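To keep things clear, I will list the structure first and then write my remarks on it.
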Amino acid sequence: MSAELSGGDDQGAAPRLAAARERLIVALDYANVGAAEALVWQLGDDISFYKIGLELTIAGGLDLAADLIGSGKRVFLDLKLHDIGNTVERATAAAAARGVSLLTVHAYPQTLAAAARGAAGSPLKVLGVTVLTSYDDADLAAAGYAAGVTDTVRRRAGDARDAGVAGVICAPTDARMVREVLGPGGLVVTPGVRPAGAAVGDQKRVASPADAVRAGADMIVVGRPIIAAPDPREAARQILSELAGA
Ligand SMILES: O=C(O)c1cc(=O)[nH]c(=O)n1[C@@H]1O[C@H](COP(=O)(O)O)[C@@H](O)[C@H]1O
């Protein structure tokens with residue numbers, strides 16, 4: 001273990017690092033299971049929570065989800081469901097039966113309510129996606145929405161709260177406002193996280209890991225800054241250190 005992660009003589013470092021590990025979800029955004037498995041192996045005990053999204057699910061990621069859960073990791077199934085209520089409810093129940101910890105649906109009232117029904121009685125936590133972190137006001141306008149990002153995120157966070165789902169996905173730049181809407185018990189998860197100097201790519205509403213947590217995020221989702229780094233393990237460790245100091 002690196003000196004930075006072992007904490008040296010600092011007695012409080014180990015619990016802070018343990019808390020940081022609870023906050024970091026690594027997005028396995030790969031088109032094949034072998035590449036995802038290799039990264040999980042490389043990251044080892046540093047990472048305990050992985051996100052499986054659309055790309056990896058299509059490539060066979062549901063079997064990997066089962067393997068990860070079997071080996072003691074937690075899995076966030078990021079399918080961003082949005083369909084008629086019956087379909088969303090049944091798909092959510094199917095996700096719950098697989099033992100995943102988190103599932104995304106788009107934060108529309110009908111969809112949220114259906115997902116809440118599907119997850120009822122299970123430990124699965126449903127997260128409503130408010131406004132994608134790759135969107136800004138102009139993108140919402142282009143999609144036909146009259147309201148801008150801030151008002152839309154606030155409204156959708158309120159809808160998620162009212163539907164009784166566990167929480168929401170939002171940009172780190174929205175986290176403070178969303179925390180006020182959800183209250184202390186709501187789960188605030190933020191992608192769009194970029195350590196200093198990392199390429200922003202297609203994300204438009206971003207903040208650093210430490211700023212995301214200071215703004216109220218319970219957990220952050222990080223993909224390319226780790227998985228596309230020359231040394232993913234070192235990149236993950238630097239983010240953990242930043243979170244531990246936040
Ligand atoms: O639901 C998500 O996880 C999500 C919502 C959102 O608004 N923005 C967003 O980037 N994500 C996901 O979070 C991850 C971010 O990846 P990077 O931009 O590579 O860190 C990707 O897997 C996205 O699918």
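So you can find residues: chains in the structure tokens are A, B, ... in the order shown, residues in each start at 1, and ligands are numbered from 1 in order.
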
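Neighbouring residues of A:Ala27 at 6 Å or closer, counting only C-alpha atoms and skipping chain neighbours under 5 positions away, are Tyr50, Lys51, Val222 and Gly223 of chain A.
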
Keeping C-alpha atoms for every residue in the selection just given, could you write it to a file as a PDB file, in the first residue's frame?
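The new file out.pdb reads:
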```
ATOM      1  CA  TYR A  50     -18.868  -0.836  -9.280  1.00  0.00           C
ATOM      2  CA  LYS A  51     -21.315   0.578 -11.792  1.00  0.00           C
ATOM      3  CA  VAL A 222     -16.052   8.025 -11.710  1.00  0.00           C
ATOM      4  CA  GLY A 223     -15.396   6.414 -15.074  1.00  0.00           C
TER       5      GLY A 223
END
```

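By only C-alpha atoms, and with residues fewer than 5 positions from A:Pro195 along its chain excluded, the set lying at most 10 Å from it is Val200, Val206, Ala207, Ser208, Pro209, Ala210, Asp211, Val222, Pro225, Ile226, Ala235, Gln238, Ile239 and Glu242 of chain A.
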
For the residues in that selection, give me C-alpha atoms as a PDB file, in the first residue's frame.
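Saved as selection-v8.pdb:
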```pdb
ATOM      1  CA  VAL A 200     -13.842  16.803 -19.059  1.00  0.00           C
ATOM      2  CA  VAL A 206     -18.534  18.880 -13.353  1.00  0.00           C
ATOM      3  CA  ALA A 207     -16.689  19.330 -10.077  1.00  0.00           C
ATOM      4  CA  SER A 208     -13.788  17.708  -8.261  1.00  0.00           C
ATOM      5  CA  PRO A 209     -14.294  14.705  -5.954  1.00  0.00           C
ATOM      6  CA  ALA A 210     -13.750  16.826  -2.827  1.00  0.00           C
ATOM      7  CA  ASP A 211     -16.098  19.572  -3.999  1.00  0.00           C
ATOM      8  CA  VAL A 222     -16.052   8.025 -11.710  1.00  0.00           C
ATOM      9  CA  PRO A 225     -10.566   9.510 -14.974  1.00  0.00           C
ATOM     10  CA  ILE A 226      -9.871   6.032 -13.546  1.00  0.00           C
ATOM     11  CA  ALA A 235      -5.767   7.276 -10.214  1.00  0.00           C
ATOM     12  CA  GLN A 238      -5.524   9.661  -5.599  1.00  0.00           C
ATOM     13  CA  ILE A 239      -9.298  10.129  -5.693  1.00  0.00           C
ATOM     14  CA  GLU A 242      -8.833  13.460  -2.015  1.00  0.00           C
TER      15      GLU A 242
END
```

Inset, instruction - Return as a ChimeraX atom specification the residues of protein, DNA or RNA that approach ligand 1 to within 8 Å, with only C-alpha atoms and all ligand atoms taken into account. - result: /A:27-29,51-54,78-80,104,129-134,169-171,190-194,200-203,221-227

Inset, instruction - Among the residues of stretch 182-245 of chain A, find those DSSP assigns to strand (DSSP E or B) from the backbone and print them as number ranges by chain. - result: A: 187-190, 193, 207, 219-222

Legend entry - Close residues, stretch 58-68 of chain A itself excluded, 10 Å, only C-alpha atoms, min 3 positions apart in chain, as an MDAnalysis selection string: chainID A and resid 28 30:34 36:37 40 48:55 71:77 95 98:100

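Of the residues under consideration (A:Ala119, A:Ala141, A:Ala246, A:Ala229), A:Ala229 shows the shortest atom-to-atom contact distance to A:Gly197 when counting only C-alpha atoms.
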
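Ranking A:Gly185, A:Pro123, A:Pro172, A:Gly118 by their shortest atom-to-atom distance to A:Lys204, with only C-alpha atoms included, puts A:Pro172 first.
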
Inset, instruction - Apply DSSP to the backbone of this structure and, from stretch 13-186 of chain A, keep only the residues in alpha helix (DSSP H); write these as number ranges by chain. - result: A: 13-23, 33-43, 54-58, 61-70, 85-97, 109-119, 137-142, 149-163, 175-182

Go ahead and save the residues from that selection, with C-alpha atoms, as a short mmCIF file (atom, residue, chain, number, x, y, z; two decimals), in the first residue's frame.
```
data_model
loop_
_atom_site.label_atom_id
_atom_site.label_comp_id
_atom_site.auth_asym_id
_atom_site.auth_seq_id
_atom_site.Cartn_x
_atom_site.Cartn_y
_atom_site.Cartn_z
CA ALA A 13 -6.44 8.32 8.43
CA ALA A 14 -7.70 4.72 8.36
CA PRO A 15 -11.33 5.54 9.20
CA ARG A 16 -11.27 8.47 6.78
CA LEU A 17 -9.99 6.19 4.05
CA ALA A 18 -12.61 3.57 4.88
CA ALA A 19 -15.28 6.28 4.61
CA ALA A 20 -13.81 7.41 1.28
CA ARG A 21 -14.06 3.85 -0.06
CA GLU A 22 -17.77 3.86 0.76
CA ARG A 23 -18.16 6.97 -1.39
CA VAL A 33 -16.58 -8.27 -19.79
CA GLY A 34 -12.92 -9.32 -19.91
CA ALA A 35 -11.71 -5.71 -19.84
CA ALA A 36 -14.03 -4.95 -16.93
CA GLU A 37 -12.85 -8.01 -15.02
CA ALA A 38 -9.22 -7.00 -15.59
CA LEU A 39 -9.85 -3.57 -14.11
CA VAL A 40 -11.66 -5.01 -11.09
CA TRP A 41 -8.72 -7.32 -10.50
CA GLN A 42 -6.26 -4.43 -10.88
CA LEU A 43 -8.14 -2.19 -8.41
CA LEU A 54 -25.62 0.25 -20.80
CA GLU A 55 -22.45 -0.59 -22.70
CA LEU A 56 -21.32 -3.41 -20.42
CA THR A 57 -24.85 -4.74 -19.84
CA ILE A 58 -25.27 -5.25 -23.59
CA GLY A 61 -22.41 -7.45 -17.83
CA LEU A 62 -25.31 -8.99 -15.90
CA ASP A 63 -23.30 -12.17 -15.38
CA LEU A 64 -20.38 -10.05 -14.21
CA ALA A 65 -22.75 -8.30 -11.80
CA ALA A 66 -23.56 -11.67 -10.26
CA ASP A 67 -19.86 -12.56 -10.01
CA LEU A 68 -19.03 -9.22 -8.38
CA ILE A 69 -21.83 -9.59 -5.85
CA GLY A 70 -20.71 -13.14 -5.15
CA GLY A 85 -45.25 1.74 -15.48
CA ASN A 86 -45.84 -2.00 -15.74
CA THR A 87 -42.54 -2.53 -17.53
CA VAL A 88 -40.53 -0.33 -15.17
CA GLU A 89 -42.05 -1.99 -12.10
CA ARG A 90 -41.28 -5.49 -13.33
CA ALA A 91 -37.78 -4.60 -14.56
CA THR A 92 -37.03 -3.01 -11.19
CA ALA A 93 -38.25 -6.12 -9.37
CA ALA A 94 -36.03 -8.23 -11.64
CA ALA A 95 -33.03 -6.04 -10.79
CA ALA A 96 -33.84 -6.37 -7.09
CA ALA A 97 -33.90 -10.16 -7.45
CA PRO A 109 -43.21 10.82 -11.73
CA GLN A 110 -44.85 7.80 -13.35
CA THR A 111 -41.50 6.04 -13.79
CA LEU A 112 -40.36 6.84 -10.25
CA ALA A 113 -43.61 5.54 -8.77
CA ALA A 114 -43.38 2.31 -10.78
CA ALA A 115 -39.77 1.75 -9.74
CA ALA A 116 -40.66 2.39 -6.10
CA ARG A 117 -43.31 -0.33 -6.35
CA GLY A 118 -40.88 -2.71 -8.03
CA ALA A 119 -38.25 -2.22 -5.32
CA ASP A 137 -29.61 24.85 -20.45
CA ALA A 138 -29.22 24.95 -24.24
CA ASP A 139 -29.47 21.15 -24.47
CA LEU A 140 -32.69 21.16 -22.46
CA ALA A 141 -34.09 23.91 -24.68
CA ALA A 142 -33.12 21.87 -27.76
CA VAL A 149 -31.17 22.86 -15.65
CA THR A 150 -31.46 24.22 -12.12
CA ASP A 151 -35.25 24.39 -12.06
CA THR A 152 -35.59 21.00 -13.75
CA VAL A 153 -33.20 19.30 -11.35
CA ARG A 154 -35.00 20.86 -8.36
CA ARG A 155 -38.35 19.69 -9.65
CA ARG A 156 -37.18 16.16 -10.41
CA ALA A 157 -35.47 15.81 -7.04
CA GLY A 158 -38.78 16.77 -5.43
CA ASP A 159 -40.60 14.23 -7.58
CA ALA A 160 -38.10 11.53 -6.53
CA ARG A 161 -38.61 12.42 -2.87
CA ASP A 162 -42.40 12.38 -3.27
CA ALA A 163 -42.34 9.01 -5.07
CA ALA A 175 -25.71 18.56 -5.08
CA ARG A 176 -26.16 21.36 -2.55
CA MET A 177 -29.59 22.28 -3.86
CA VAL A 178 -30.62 18.63 -4.19
CA ARG A 179 -29.55 17.91 -0.62
CA GLU A 180 -31.89 20.68 0.54
CA VAL A 181 -34.75 19.16 -1.43
CA LEU A 182 -34.17 15.56 -0.29
#
```

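Here the question is which of A:Ala228, A:Ala146, A:Ala198, A:Leu102 gets nearest to A:Val168 using only C-alpha atoms, and that residue is A:Leu102.
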
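If only C-alpha atoms are the atoms counted, then among A:Gly164, A:Gly245, A:Gly216, A:Gly44 the closest residue to A:Arg233 is A:Gly44.
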
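Counting from atom CA of A:Leu127, the distance to atom CA of A:Ala166 is 6.0 Å.
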